[in-house]
Structure formats: C-alpha cells, structure tokens
Amino acid sequence: MGTATLTPPATAALPAAGKAGKAGKGKRVRPARERAFWPFLLPALIAYSALFVLPSLFGFWVSFNKWAGPGSPMTWHGLGNYLELARSEAFRTSFVNTFVLAFGGGALVFAFTFLSMMVLRQVKGRAFIRSVIFLPMIISVIAVGVAIGFLLNPDGAVNTILGWVGIEARPWLGPDMVFKCIVAGLVWSSTGFYVALMMSAADSIPPYLYEDAKLIGATKWEQFRHITLPLTWDVFAVSAVLWVVNSLKVFEIVIAFTTAGTPASPPIQARTVAVQQYASVAGGGVPELGSGAAMGVVILIVTTILIVLTRRVTRRERVELS
C-alpha cells in the first residue's frame with residue numbers, strides 16, 4: 001500500500017513570501033514624527049529664507065555696486081566700496097570706536113558684574129539691590145542717552161554741581177571726551193542685565209561650599225575664584241557672546257547722546273560702525289547704499305570671527321558637583 005506525502009499549506013506560500021521580503025528589502029518605513037517634521041519646519045524655513053537669507057544675499061550683492069536706492073541705476077563697482085572704506089577716516093574712527101566699546105566696555109561691564117557677585121552674595125536686601133541695578137535695562141536706551149546728554153551739557157546738572165564745589169566746568173561733550181562718556185553710559189545701562197544673568201547662576205551654588213571655604217580661611221576673592229566663577233562659567237560664556245553681539249551694533253544711545261534736541265548728526269569722534277552706516281545711507285545728501293552694505297558685510301565678518309574666538313577662549317570643562 002503506497003503512502004501519500006502531504007505538503008503543508010504554509011510551505012507553498014514561502015516562495016511568495018520570500019519574494020515579497022526581497023521586494024521590500026531596503027525600504028525603510030519612516031516614523032510618524034519624521035513624516036510630520038517637514039510640514040512643521042517648511043513654513044518657518046520659507047519665512048526665514050524670504051525675510052533674512054535673501055535680503056542678506058541681496059545686501060552682499062549691493063556692497064559691490066554703486067547705488068543710491070530704488071529708482072536709481074545700480075552700477076558695478078567691484079571692491080571699490082571696500083577700498084573706499086579703508087581710506088575713509090570716518091569709517092576707520094568708527095571701526096576703532098566699535099572695538100573700544102566691545103573690549104573696553106566689556107571689560108568694565110564684567111568687572112562690575114564680578115564685583116557685584118562677590119558683594120551681593122551675602123548682603124541683606126540683595127534682591128532689592130539687584131532690582132535697582134537692573135532698572136536701567138528696563139528704561140529705553142534712547143531715554144538713557146538723552147538724559148545723560150542733557151546732564152553733561154555745558155550748562156547741565158553735572159557742571160552746575162561741579163561749579164558749586166569750586167571745580168571748573170568740563171567739556172563732557174567735546175571731541176576728546178564724548179565717546180568716553182558714551183562708553184560710561186552704556187556700561188551703566190547694561191551692567192544690570194549681566195548681573196542678573198550671573199547672579200541667577202550663582203544663586204544655585206550650594207551654601208555649604210562657601211561654609212567649608214570659610215572654615216579653611218578662604219578670602220572672598222578666593223571663594224569667588226575657586227567656587228563662584230568655575231560653577232557659573234557656562235553662563236559667563238553665554239554672557240560674553242551676548243555682549244560681543246550687542247556691542248558691535250550699538251546705535252541708539254550714540255544718536256540720543258550726541259543729538260539730543262538738535263537735528264545735527266553725531267560727530268565723527270562719537271560714531272560706531274552702525275552710526276556711520278546710518279550716516280552714509282540716511283545722513284543727508286545722496287544715499288550711498290553700496291557703502292552702507294559694505295559696512296554691514298565687514299561688521300558681519302568681524303562679529304562672526306569674534307564670536308568664534310570668544311567661544312574658544314571661554315571653552316572649559318564643565319564643573320559639576322558630585
């Protein structure tokens with residue numbers, strides 16, 4: 001009697017399944033979150049490109065041309081605008097002033113910030129004092145510039161008080177002193193912001209570290225150097241970048257400080273690159289949009305370089321409490 005061999009139904013389907021597996025091999029099914037990525041990102045990307053990237057590229061193109069604005073012909077000028085900037089005394093002065101503001105003003109801002117961190121850590125009513133220091137940051141920069149400009153006028157309050165004590169009036173707004181007064185005003189109005197940033201990081205440091213430091217006889221400076229600064233270094237690195245970016249585009253306080261109540265343009269001795277750029281485009285006469293765009297390109301390159309250098313200088317290994 002013969003025997004019959006039965007083939008399981010699944011076995012017959014194996015070749016077809018194998019072919020289907022081979023056909024589907026190499027195709028990856030994207031997760032739902034990846035499929036939703038582009039629909040959410042694309043509108044923002046389009047808006048960013050239309051409102052920032054394309055105008056920036058157009059400004060870069062304008063920097064190689066002579067152009068007085070819409071309605072006038074644009075003439076190719078090559079590197080002429082950049083060479084004229086190098087020969088311009090007004091631009092060189094504004095460029096140096098911008099660097100003095102960035103480095104000299106930054107040194108003063110962070111010196112006062114570090115001093116405040118050392119002093120305010122244990123002072124009673126430090127929350128109120130911190131609020132008072134931060135107050136100038138709330139006030140409009142233009143209002144600060146106008147107020148300081150009026151105070152330092154030849155007949156202003158400062159010279160009046162000096163006269164009361166027998167000191168001769170000073171030409172605070174003269175060519176030799178005006179920019180120093182602008183730096184002082186900017187440092188006064190900006191320091192509170194960086195004090196608030198750094199103190200927010202310092203407040204998270206455990207008090208027992210300072211108590212241990214006191215037990216071994218550490219001075220306030222040693223406590224700041226070995227405890228406060230290392231544990232707030234990440235915030236300081238961010239603050240330094242913020243200062244670099246903000247200091248290289250200082251504009252409003254210079255305009256308000258030097259032209260309060262008058263239609264005159266700021267003197268060359270008080271100008272930053274942003275002010276000089278404004279003067280070349282809207283300072284009267286024929287607008288020089290090519291020259292203004294060239295200044296924008298220069299300051300963009302300088303800003304990028306300084307940010308990279310600042311990040312490298314402030315790069316440290318992160319200190320964490322165990």
# chains A, B, ... in the order shown; residues from 1 in each chain; ligands from 1

call {"tool": "residues_around", "arguments": {"residues": "segment 73-83 of chain A", "least_positions_apart": "3", "cutoff": "10 Å", "atoms": "only C-alpha atoms", "output": "list in words"}}
result
Trp61, Val62, Ser63, Phe64, Asn65, Lys66, Trp67, Ala68, Gly69, Pro70, Ala86, Arg87, Ser88, Glu288, Leu289, Gly290, Ser291, Gly292, Ala293, Ala294, Met295, Val297 and Val298 of chain A

call {"tool": "select_by_dssp", "arguments": {"residues": "segment 62-201 of chain A", "states": "strand (DSSP E)", "output": "PyMOL selection string"}}
result
chain A and resi 65-66+75-76

call {"tool": "select_by_dssp", "arguments": {"residues": "segment 21-227 of chain A", "states": "helix (DSSP H, G or I)", "output": "ChimeraX atom specification"}}
result
/A:21-24,32-35,37-62,80-87,89-120,126-138,141-151,157-164,178-202,207-215,220-227

call {"tool": "residues_around", "arguments": {"residues": "segment 224-234 of chain A", "least_positions_apart": "3", "cutoff": "12 Å", "atoms": "only C-alpha atoms", "output": "ChimeraX atom specification"}}
result
/A:110,113-121,195,197-214,218-221,237-241,311,313-321

call {"tool": "atom_distance", "arguments": {"atom1": "atom CA of Leu300 of chain A", "atom2": "atom CA of Trp188 of chain A"}}
result
26.2 Å
